[in-house]
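Trainee: So here's input_14.cif (mmCIF, C-alpha atoms).
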```cif
data_structure
#
loop_
_atom_site.label_atom_id
_atom_site.label_comp_id
_atom_site.auth_asym_id
_atom_site.auth_seq_id
_atom_site.Cartn_x
_atom_site.Cartn_y
_atom_site.Cartn_z
CA MET A 1 147.75 -31.96 -66.02
CA LYS A 2 150.60 -29.96 -64.63
CA THR A 3 149.83 -26.62 -66.29
CA ARG A 4 146.23 -26.55 -65.17
CA GLY A 5 145.61 -23.74 -62.73
CA PRO A 6 143.57 -23.79 -59.54
CA SER A 7 140.54 -22.63 -61.52
CA GLY A 8 140.68 -25.78 -63.65
CA GLY A 9 139.21 -28.04 -60.94
CA ASP A 10 135.81 -27.85 -59.34
CA GLN A 11 136.92 -26.16 -56.14
CA ILE A 12 134.50 -23.84 -54.41
CA ALA A 13 134.86 -20.22 -55.44
CA LEU A 14 135.24 -17.98 -52.41
CA LEU A 15 132.25 -15.99 -51.30
CA GLN A 16 132.51 -12.30 -50.83
CA GLY A 17 133.44 -11.60 -47.22
CA THR A 18 134.79 -15.11 -46.64
CA LEU A 19 138.20 -14.13 -47.89
CA ASP A 20 138.57 -11.49 -45.16
CA VAL A 21 138.02 -13.92 -42.33
CA LEU A 22 140.24 -16.56 -43.95
CA ILE A 23 143.08 -14.05 -44.27
CA LEU A 24 142.73 -13.06 -40.60
CA ARG A 25 142.66 -16.71 -39.60
CA THR A 26 145.82 -17.49 -41.60
CA LEU A 27 147.68 -14.64 -39.92
CA VAL A 28 147.02 -16.05 -36.45
CA PHE A 29 150.00 -18.30 -37.11
CA GLY A 30 152.32 -15.35 -37.66
CA PRO A 31 153.26 -12.83 -40.37
CA GLN A 32 152.85 -14.00 -43.94
CA HIS A 33 153.09 -12.50 -47.45
CA GLY A 34 150.25 -12.51 -49.98
CA GLN A 35 151.36 -15.56 -51.93
CA GLY A 36 151.87 -17.45 -48.66
CA ILE A 37 148.38 -16.51 -47.48
CA ALA A 38 146.85 -17.78 -50.73
CA ARG A 39 148.80 -21.06 -50.46
CA ALA A 40 147.89 -21.50 -46.79
CA ILE A 41 144.16 -21.09 -47.46
CA GLU A 42 144.28 -23.49 -50.38
CA THR A 43 146.21 -26.16 -48.51
CA THR A 44 144.49 -25.92 -45.10
CA SER A 45 141.09 -26.17 -46.80
CA GLY A 46 142.21 -29.46 -48.34
CA ARG A 47 142.32 -27.62 -51.69
CA GLU A 48 138.55 -27.16 -51.55
CA LEU A 49 138.79 -23.39 -51.51
CA LEU A 50 140.14 -21.52 -54.48
CA VAL A 51 141.80 -18.17 -53.88
CA ASP A 52 141.67 -15.77 -56.77
CA HIS A 53 145.21 -14.37 -56.47
CA GLY A 54 144.20 -11.15 -58.18
CA ALA A 55 141.37 -10.59 -55.68
CA LEU A 56 143.57 -11.23 -52.67
CA TYR A 57 145.28 -7.85 -52.84
CA PRO A 58 142.19 -5.64 -52.78
CA ALA A 59 141.11 -7.67 -49.74
CA LEU A 60 144.50 -7.21 -48.07
CA GLN A 61 144.37 -3.49 -48.74
CA ARG A 62 140.88 -3.25 -47.35
CA LEU A 63 141.91 -5.05 -44.17
CA GLU A 64 144.97 -2.85 -43.87
CA ALA A 65 142.88 0.30 -44.28
CA LEU A 66 140.63 -0.94 -41.46
CA ASP A 67 143.72 -1.43 -39.26
CA TRP A 68 142.93 -5.11 -38.85
CA ILE A 69 146.26 -6.07 -40.36
CA LYS A 70 149.54 -4.21 -40.79
CA ALA A 71 152.27 -4.73 -43.35
CA LYS A 72 156.04 -4.54 -43.44
CA TRP A 73 158.54 -5.32 -46.18
CA GLY A 74 160.77 -8.26 -45.31
CA VAL A 75 162.61 -11.20 -46.82
CA SER A 76 160.95 -14.55 -47.62
CA ALA A 77 162.29 -17.99 -46.70
CA ASN A 78 163.86 -18.29 -50.14
CA ASN A 79 165.41 -14.83 -49.95
CA ARG A 80 162.93 -12.78 -51.95
CA ARG A 81 161.74 -9.37 -50.84
CA ALA A 82 158.07 -9.60 -49.88
CA ARG A 83 155.48 -7.56 -48.03
CA PHE A 84 154.54 -9.40 -44.83
CA TYR A 85 151.15 -8.96 -43.22
CA SER A 86 150.42 -9.47 -39.54
CA LEU A 87 147.33 -9.26 -37.31
CA THR A 88 146.68 -6.17 -35.19
CA ARG A 89 144.81 -6.33 -31.89
CA ALA A 90 141.69 -5.02 -33.68
CA GLY A 91 142.14 -7.73 -36.32
CA ARG A 92 142.30 -10.40 -33.64
CA ASN A 93 139.05 -9.13 -32.10
CA GLN A 94 137.46 -9.00 -35.52
CA LEU A 95 138.49 -12.59 -36.21
CA VAL A 96 136.76 -13.79 -33.05
CA ARG A 97 133.59 -11.91 -33.95
CA GLN A 98 133.55 -13.01 -37.60
CA THR A 99 134.34 -16.62 -36.79
CA SER A 100 131.28 -16.92 -34.58
CA ARG A 101 129.22 -15.22 -37.26
CA TRP A 102 130.36 -17.61 -39.98
CA ASN A 103 129.77 -20.59 -37.75
CA ARG A 104 126.26 -19.37 -37.14
CA LEU A 105 125.66 -18.85 -40.85
CA ALA A 106 127.11 -22.27 -41.70
CA ALA A 107 124.92 -23.94 -39.05
CA ALA A 108 121.84 -22.08 -40.28
CA MET A 109 122.61 -23.05 -43.90
CA ALA A 110 123.00 -26.70 -42.91
CA ARG A 111 119.64 -26.58 -41.14
CA VAL A 112 117.91 -25.00 -44.14
CA LEU A 113 119.49 -27.38 -46.62
CA GLY A 114 118.22 -30.38 -44.73
CA SER A 115 119.17 -33.18 -42.41
CA ASP A 116 121.56 -34.83 -44.89
CA SER A 117 124.02 -31.96 -44.84
CA ALA A 118 123.45 -31.31 -41.16
CA GLN A 119 124.48 -34.87 -40.34
CA GLY A 120 127.31 -34.89 -42.84
CA MET B 1 146.60 5.43 -39.00
CA PHE B 2 146.12 4.55 -42.63
CA ALA B 3 149.05 5.74 -44.71
CA ARG B 4 148.64 5.98 -48.45
CA ARG B 5 150.73 3.56 -50.47
CA THR B 6 152.37 4.42 -53.73
CA ASP B 7 151.43 2.64 -56.95
CA LYS B 8 155.04 1.57 -57.29
CA ASP B 9 154.99 -0.13 -53.89
CA PHE B 10 151.89 -2.06 -54.90
CA ARG B 11 153.40 -3.09 -58.26
CA THR B 12 156.50 -4.31 -56.45
CA GLU B 13 154.32 -6.41 -54.19
CA VAL B 14 152.49 -7.98 -57.15
CA GLN B 15 155.84 -8.76 -58.79
CA SER B 16 157.05 -10.32 -55.56
CA HIS B 17 153.91 -12.50 -55.48
CA LEU B 18 154.54 -13.67 -59.06
CA ASP B 19 158.19 -14.49 -58.24
CA LEU B 20 157.24 -16.47 -55.12
CA GLU B 21 154.54 -18.42 -56.94
CA ALA B 22 156.95 -19.18 -59.81
CA ASP B 23 159.60 -20.32 -57.28
CA ARG B 24 157.09 -22.71 -55.79
CA LEU B 25 156.12 -24.15 -59.17
CA VAL B 26 159.80 -24.59 -60.09
CA ALA B 27 160.30 -26.40 -56.78
CA GLU B 28 157.46 -28.72 -57.84
CA GLY B 29 159.38 -29.49 -61.03
CA MET B 30 158.04 -27.03 -63.58
CA PRO B 31 160.54 -25.46 -66.02
CA PRO B 32 161.26 -21.79 -65.03
CA ASP B 33 159.75 -20.18 -68.17
CA GLU B 34 156.57 -22.19 -67.83
CA ALA B 35 156.41 -21.45 -64.08
CA ARG B 36 156.58 -17.70 -64.65
CA ALA B 37 153.81 -17.84 -67.26
CA GLU B 38 151.68 -20.02 -65.01
CA ALA B 39 152.12 -17.70 -62.01
CA ARG B 40 151.04 -14.76 -64.13
CA ARG B 41 148.08 -16.69 -65.47
CA ARG B 42 146.91 -17.61 -61.97
CA PHE B 43 147.13 -14.02 -60.90
CA GLY B 44 145.46 -12.49 -63.92
CA ASN B 45 143.24 -14.86 -65.79
CA VAL B 46 140.58 -15.31 -63.14
CA THR B 47 140.11 -11.57 -63.06
CA THR B 48 138.95 -11.43 -66.66
CA VAL B 49 135.53 -9.92 -66.85
CA GLU B 50 133.79 -13.05 -68.13
CA GLU B 51 135.05 -15.48 -65.52
CA ARG B 52 134.51 -13.09 -62.70
CA TYR B 53 131.05 -12.48 -64.01
CA TYR B 54 130.04 -16.13 -63.87
CA GLU B 55 131.68 -16.67 -60.52
CA THR B 56 130.00 -13.72 -58.90
CA ARG B 57 126.66 -14.59 -60.44
CA ARG B 58 126.78 -17.88 -58.59
CA VAL B 59 127.48 -16.30 -55.23
CA MET B 60 125.07 -13.40 -55.61
CA TRP B 61 122.05 -15.24 -54.28
CA LEU B 62 123.81 -16.09 -51.07
CA ASP B 63 125.05 -12.54 -50.84
CA HIS B 64 121.46 -11.31 -51.03
CA LEU B 65 120.34 -13.87 -48.51
CA TRP B 66 122.96 -12.62 -46.07
CA ARG B 67 121.79 -9.05 -46.54
CA ASP B 68 118.21 -10.10 -45.99
CA VAL B 69 119.14 -11.93 -42.82
CA ARG B 70 120.86 -8.80 -41.56
CA TYR B 71 117.80 -6.76 -42.44
CA ALA B 72 115.55 -9.09 -40.53
CA ALA B 73 117.80 -8.86 -37.50
CA ARG B 74 117.67 -5.08 -37.62
CA ASN B 75 113.86 -5.10 -37.70
CA LEU B 76 113.77 -7.45 -34.79
CA ARG B 77 115.74 -4.98 -32.71
CA ARG B 78 113.03 -2.38 -33.25
CA THR B 79 110.44 -4.35 -31.34
CA PRO B 80 109.88 -3.15 -27.74
CA ALA B 81 111.56 -6.15 -26.11
CA PHE B 82 114.79 -5.16 -27.73
CA VAL B 83 114.71 -1.45 -27.07
CA VAL B 84 117.07 -1.47 -24.13
CA THR B 85 119.60 -3.56 -25.98
CA THR B 86 119.35 -1.33 -29.01
CA THR B 87 120.03 1.79 -27.04
CA LEU B 88 123.01 0.31 -25.27
CA THR B 89 124.47 -1.13 -28.44
CA LEU B 90 124.16 2.14 -30.27
CA GLY B 91 125.55 4.06 -27.33
CA ILE B 92 128.76 2.09 -27.51
CA ALA B 93 128.78 2.08 -31.26
CA ILE B 94 128.64 5.85 -31.49
CA GLY B 95 131.79 6.10 -29.43
CA LEU B 96 133.62 3.67 -31.65
CA LEU B 97 132.29 4.76 -35.00
CA THR B 98 135.09 4.86 -37.50
CA ILE B 99 135.49 6.31 -40.94
CA ALA B 100 138.05 4.85 -43.28
CA PHE B 101 139.48 6.15 -46.49
CA ALA B 102 140.84 3.64 -48.94
CA VAL B 103 142.73 4.61 -52.05
CA VAL B 104 140.72 3.43 -54.99
CA ALA B 105 143.65 2.62 -57.23
CA GLY B 106 144.01 -0.69 -55.41
CA PHE B 107 140.45 -1.69 -56.21
CA LEU B 108 140.57 -0.88 -59.90
CA ARG B 109 142.78 -2.28 -62.54
CA PRO B 110 145.12 0.55 -63.52
CA TYR B 111 143.87 0.97 -67.06
CA ALA B 112 140.18 0.85 -66.23
CA VAL B 113 139.73 4.50 -65.39
CA ARG B 114 141.47 7.70 -66.39
CA ASP B 115 143.07 8.82 -63.14
CA PRO B 116 142.46 6.44 -60.23
CA GLY B 117 145.29 8.03 -58.22
CA GLY B 118 143.34 10.92 -56.74
CA LEU B 119 140.21 8.97 -55.83
CA TYR B 120 139.28 7.72 -52.38
CA GLN B 121 136.61 5.24 -51.49
CA ILE B 122 134.89 6.26 -48.27
CA SER B 123 133.64 3.62 -45.90
CA TRP B 124 132.58 3.53 -42.29
CA ARG B 125 131.72 0.96 -39.73
CA ALA B 126 130.31 0.84 -36.27
CA ARG B 127 131.49 -1.51 -33.57
CA ASP B 128 128.90 -4.26 -33.90
CA ASP B 129 128.03 -3.89 -37.54
CA GLY B 130 130.22 -5.58 -40.10
CA SER B 131 129.78 -3.00 -42.80
CA GLY B 132 128.39 0.51 -42.78
CA VAL B 133 126.01 1.54 -45.49
CA PHE B 134 125.80 4.91 -47.19
CA THR B 135 122.51 6.08 -48.64
CA TRP B 136 121.89 8.54 -51.44
CA ALA B 137 120.90 11.05 -48.77
CA ASP B 138 124.43 10.70 -47.31
CA TYR B 139 125.85 11.10 -50.79
CA ASP B 140 123.97 14.37 -51.25
CA GLU B 141 125.44 15.64 -47.97
CA PHE B 142 128.99 14.79 -49.04
CA ARG B 143 128.42 16.47 -52.38
CA ARG B 144 127.62 19.70 -50.55
CA ARG B 145 131.03 19.67 -48.84
CA SER B 146 132.95 21.31 -51.67
CA ASP B 147 135.49 22.49 -49.07
CA LEU B 148 136.51 18.82 -48.65
CA PHE B 149 135.75 17.21 -51.98
CA SER B 150 136.04 18.58 -55.47
CA ASP B 151 133.97 15.67 -56.77
CA VAL B 152 131.95 12.86 -55.22
CA ILE B 153 130.44 9.97 -57.17
CA GLY B 154 128.00 7.32 -56.02
CA GLU B 155 127.00 3.89 -57.33
CA ASP B 156 124.39 1.48 -56.09
CA SER B 157 123.69 -1.85 -57.85
CA HIS B 158 120.57 -3.98 -57.88
CA LEU B 159 119.32 -6.92 -59.87
CA VAL B 160 116.34 -5.82 -61.93
CA SER B 161 114.27 -7.70 -64.43
CA SER B 162 114.76 -7.03 -68.12
CA SER B 163 112.38 -9.03 -70.33
CA THR B 164 112.41 -11.82 -67.71
CA GLN B 165 116.23 -11.86 -67.48
CA PRO B 166 118.06 -10.66 -64.37
CA VAL B 167 120.19 -7.64 -65.20
CA LEU B 168 122.59 -6.09 -62.71
CA THR B 169 121.83 -2.40 -62.90
CA SER B 170 124.11 0.28 -61.46
CA PHE B 171 122.38 3.45 -60.39
CA VAL B 172 125.00 6.18 -60.55
CA SER B 173 125.40 9.91 -60.04
CA LEU B 174 125.54 11.65 -63.41
CA ASN B 175 129.12 12.91 -62.83
CA TYR B 176 130.22 9.26 -62.72
CA SER B 177 131.64 9.02 -66.27
CA ASP B 178 133.11 12.47 -66.08
CA VAL B 179 135.11 11.72 -62.91
CA LEU B 180 136.18 8.14 -63.69
CA GLY B 181 136.51 8.60 -67.45
CA PRO B 182 136.25 4.92 -68.44
CA ALA B 183 137.01 4.19 -72.09
CA MET B 184 133.95 3.94 -74.36
CA ARG B 185 133.63 1.49 -77.21
CA LEU B 186 130.58 3.17 -78.67
CA GLY B 187 128.71 6.39 -77.98
CA ARG B 188 129.19 8.26 -74.70
CA GLY B 189 128.92 7.93 -70.94
CA LEU B 190 126.11 9.37 -68.82
CA ALA B 191 126.28 13.14 -68.34
CA GLN B 192 124.46 15.98 -66.57
CA ILE B 193 122.23 16.50 -69.64
CA ASP B 194 120.70 13.10 -68.90
CA THR B 195 119.01 14.38 -65.73
CA GLY B 196 115.51 12.94 -65.60
CA ARG B 197 115.92 11.08 -68.90
CA ASP B 198 115.55 7.34 -69.31
CA VAL B 199 118.91 6.62 -70.90
CA GLY B 200 121.46 3.92 -70.15
CA VAL B 201 125.03 2.82 -70.87
CA LEU B 202 125.83 -0.87 -71.43
CA THR B 203 128.91 -2.73 -70.28
CA ASP B 204 130.67 -4.93 -72.78
CA GLN B 205 129.34 -8.13 -71.22
CA ALA B 206 125.72 -6.93 -71.41
CA TRP B 207 126.20 -5.78 -74.99
CA GLU B 208 127.35 -9.30 -75.79
CA ARG B 209 124.86 -11.24 -73.68
CA LEU B 210 121.72 -9.20 -74.34
CA PHE B 211 122.36 -7.67 -77.76
CA HIS B 212 124.87 -10.06 -79.40
CA ARG B 213 127.28 -7.20 -80.10
CA ASP B 214 124.83 -5.37 -82.33
CA ALA B 215 126.91 -2.60 -84.01
CA ALA B 216 123.79 -0.46 -84.40
CA ILE B 217 123.03 -0.60 -80.68
CA LEU B 218 122.94 3.16 -80.04
CA ASP B 219 119.41 4.50 -79.68
CA ARG B 220 118.00 1.00 -79.25
CA GLU B 221 116.19 0.46 -75.96
CA ILE B 222 116.58 -1.82 -72.95
CA GLU B 223 113.69 -2.61 -70.64
CA LEU B 224 114.38 -2.36 -66.89
CA ASN B 225 111.53 -3.18 -64.50
CA GLY B 226 109.01 -2.26 -67.19
CA ARG B 227 110.59 1.06 -68.13
CA MET B 228 112.34 1.63 -71.45
CA PHE B 229 115.85 3.14 -71.41
CA ARG B 230 117.52 4.43 -74.58
CA ILE B 231 121.11 3.19 -74.95
CA VAL B 232 123.58 6.03 -75.47
CA GLY B 233 126.89 4.18 -75.08
CA VAL B 234 128.78 0.91 -74.64
CA LEU B 235 131.86 0.57 -72.40
CA THR B 236 135.04 -1.38 -73.19
CA PRO B 237 135.53 -4.70 -71.31
CA GLU B 238 138.02 -3.11 -68.90
CA PHE B 239 135.39 -1.32 -66.86
CA SER B 240 132.15 -2.70 -65.45
CA GLY B 241 131.47 -0.63 -62.37
CA LEU B 242 132.89 -0.32 -58.86
CA GLY B 243 130.76 -2.93 -57.11
CA GLY B 244 131.79 -6.47 -56.23
CA GLN B 245 129.88 -7.81 -59.20
CA PRO B 246 130.35 -6.49 -62.72
CA SER B 247 127.31 -4.48 -63.81
CA ASP B 248 125.30 -4.84 -67.00
CA VAL B 249 123.90 -1.36 -67.40
CA PHE B 250 124.32 2.13 -65.90
CA VAL B 251 121.41 4.50 -65.38
CA GLU B 252 120.77 7.67 -63.40
CA ARG B 253 120.52 7.31 -59.61
CA PRO B 254 117.14 7.69 -57.91
CA VAL B 255 116.31 11.08 -56.51
CA VAL B 256 115.97 11.07 -52.73
CA GLU B 257 112.71 12.43 -51.44
CA PRO B 258 113.31 14.64 -48.41
CA SER B 259 110.49 12.87 -46.54
CA GLY B 260 111.52 9.45 -47.85
CA GLY B 261 111.19 6.55 -45.46
CA ALA B 262 114.29 5.74 -43.45
CA THR B 263 113.86 2.01 -44.03
CA GLN B 264 113.86 2.39 -47.79
CA ASN B 265 116.94 4.58 -47.70
CA ALA B 266 118.71 2.25 -45.31
CA ARG B 267 118.54 -0.60 -47.80
CA ALA B 268 120.30 1.25 -50.60
CA ALA B 269 123.99 0.52 -50.13
CA THR B 270 125.85 3.12 -52.09
CA ILE B 271 129.52 3.04 -52.96
CA VAL B 272 130.94 6.52 -52.48
CA ILE B 273 134.14 7.67 -54.15
CA ALA B 274 135.50 11.15 -53.57
CA LYS B 275 138.20 13.32 -54.98
CA LEU B 276 139.77 15.55 -52.32
CA ALA B 277 139.49 19.29 -52.89
CA PRO B 278 142.77 21.16 -53.38
CA GLY B 279 144.13 21.93 -49.91
CA ALA B 280 141.94 19.38 -48.11
CA SER B 281 143.67 16.51 -46.30
CA VAL B 282 142.56 12.95 -45.54
CA PRO B 283 142.52 13.48 -41.73
CA GLN B 284 140.46 16.64 -42.22
CA ALA B 285 137.91 14.79 -44.35
CA GLU B 286 137.86 11.85 -41.91
CA GLY B 287 137.15 14.18 -39.01
CA ALA B 288 134.32 15.93 -40.80
CA LEU B 289 132.76 12.65 -41.97
CA ALA B 290 132.99 11.04 -38.54
CA GLY B 291 131.12 14.05 -37.14
CA TYR B 292 128.48 13.75 -39.82
CA MET B 293 128.00 10.00 -39.27
CA ARG B 294 127.68 10.46 -35.50
CA ALA B 295 124.93 13.03 -36.06
CA ARG B 296 123.22 10.65 -38.47
CA PHE B 297 123.33 7.85 -35.93
CA ASP B 298 121.59 10.06 -33.39
CA ARG B 299 118.98 11.08 -35.95
CA ASP B 300 118.31 7.49 -37.08
CA GLN B 301 117.89 6.42 -33.52
CA ALA B 302 115.15 8.96 -32.74
CA PRO B 303 112.28 7.36 -34.77
CA ALA B 304 113.07 3.92 -33.33
CA ALA B 305 112.73 5.29 -29.80
CA SER B 306 109.32 6.83 -30.53
CA VAL B 307 108.03 3.52 -31.90
CA ALA B 308 108.82 1.95 -28.55
#
```
What is this structure when it is put down as structure tokens?

Mentor:
Amino acid sequence: MKTRGPSGGDQIALLQGTLDVLILRTLVFGPQHGQGIARAIETTSGRELLVDHGALYPALQRLEALDWIKAKWGVSANNRRARFYSLTRAGRNQLVRQTSRWNRLAAAMARVLGSDSAQG
Amino acid sequence: MFARRTDKDFRTEVQSHLDLEADRLVAEGMPPDEARAEARRRFGNVTTVEERYYETRRVMWLDHLWRDVRYAARNLRRTPAFVVTTTLTLGIAIGLLTIAFAVVAGFLRPYAVRDPGGLYQISWRARDDGSGVFTWADYDEFRRRSDLFSDVIGEDSHLVSSSTQPVLTSFVSLNYSDVLGPAMRLGRGLAQIDTGRDVGVLTDQAWERLFHRDAAILDREIELNGRMFRIVGVLTPEFSGLGGQPSDVFVERPVVEPSGGATQNARAATIVIAKLAPGASVPQAEGALAGYMRARFDRDQAPAASVA
């Protein structure tokens, strides 16, 4: 069904706090606007992760307020004006720290949930 | 340095997002009219109170687990073997303690509260701690700084049991409704006259879920952890609190006992929103708050040292 939105499937809803680290990760590849970030997360996760477009902007603003990302108005590939976000040095450090934390959490979850998921 | 954005700038960005998403859908073969409607739907429809409610309910348990894990880690650091590490970590952290002000308008949908423009959410973080926590004792300190803030509100949400059902309860300062001014469907918001009284205000979703939209809801009671609270108002669906998860009911915040245990206080994560006093600036408030938090760090560290 063409008109069905991303919420129509059974993708995994993003956990609080996950979105931050995914945004930082996406920006490693260079400046990107909000819509591009949402698309990048959805496609690189093999469409398993669903980004609530409306929730993306509070997250972007929070990261900007923390000086982990900075923003600048620019022009998109198809010639539309868009606000582009890029990583700051603090954001890069934060990404390293949060990535190891999420890996630890994921590993711990796999251990708790049993050998099936740990092997899988 | 964090520069405040205008509402217009933010609206332009949202419009730009909708255009880009519509462009993409058109490129995939969707007719332009349909693409625009679809882009708007993707942006807005998942933020409706009901959907968000169910989504967040599902993630809440993990969220709590994470908090509990963090708590356990903190306790671990108090044991003697970890004392040296603790001291060093804190020593660095104090130097890099930061206070951030975020304009609240970006976190609230524009129609949800009366005047989101002048409100700032205050947050802080230390170097090795993902998120700083404010306690009600901190809130009381900020409230005293009338030179910096003309108003400060606090909110702290917990799941409590109501007749065996989990109910997300927001404990708020009694100036909460007065400052935010959310629209009421029935009755009134909490007010100073409610000090020490067991009264509560329901959100629309709780009114529906727990009371099936009973039109004669006012003065009926809701049980929260074995205590009865008289319902004095019901909110419209547009507002359900400032926390990540929409709340069910609002009641008065707990009163902080001066001798209250530090551990108990440390677990109460309070959202703090302030309105700057006339003449006070953001950098001024940041400076004062950073000083306060540094002093608090030193104070919190003292009992841990004596345990060792």

Trainee: So the first atom is atom CA of Phe142 of chain B and the second is atom CA of Leu289 of chain B; what is the distance between them in Å, to one decimal place?

Mentor: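 One can read the atom CA of Phe142 of chain B to atom CA of Leu289 of chain B distance as 8.3 Å.
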
Trainee: Apply the PyMOL selection byres ((chain A) within 6 of (chain B)) to the structure shown and report the selected residues as a PDB file with C-alpha atoms, in the coordinates of the input.

Mentor:
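Output file part24.pdb is given in full below:
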```pdb
ATOM      1  CA  GLN A  35     151.360 -15.560 -51.930  1.00  0.00           C
ATOM      2  CA  HIS A  53     145.210 -14.370 -56.470  1.00  0.00           C
ATOM      3  CA  GLY A  54     144.200 -11.150 -58.180  1.00  0.00           C
ATOM      4  CA  PRO A  58     142.190  -5.640 -52.780  1.00  0.00           C
ATOM      5  CA  ALA A  65     142.880   0.300 -44.280  1.00  0.00           C
ATOM      6  CA  ALA A  82     158.070  -9.600 -49.880  1.00  0.00           C
TER       7      ALA A  82
END
```

Trainee: Of the candidates B:Asp214, B:Ile122, B:Ala274, B:Ile222, which one gets nearest to Ser150 of chain B if we count all atoms listed in the file?

Mentor: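 Answer, going by the shortest atom-to-atom distance: B:Ala274.
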
Trainee: Which of these residues is nearest to Val96 of chain A, using all atoms listed in the file: A:Ala55, A:Leu24, A:Leu19, A:Val75?

Mentor: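 Looking only at the distances to Val96 of chain A, the closest residue turns out to be A:Leu24.
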
Trainee: Could you check the closest approach to Leu22 of chain A for each of A:Leu95, A:Arg62, A:Ala71, A:Thr43 and tell me which residue wins, using all atoms listed in the file?

Mentor: A:Leu95

Trainee: For the PyMOL selection byres ((chain A and resi 90) around 12), applied here, can you spell out every residue it catches as an NGL selection string?

Mentor: (:A and (24 or 63-70 or 86-89 or 91-97)) or (:B and (127))
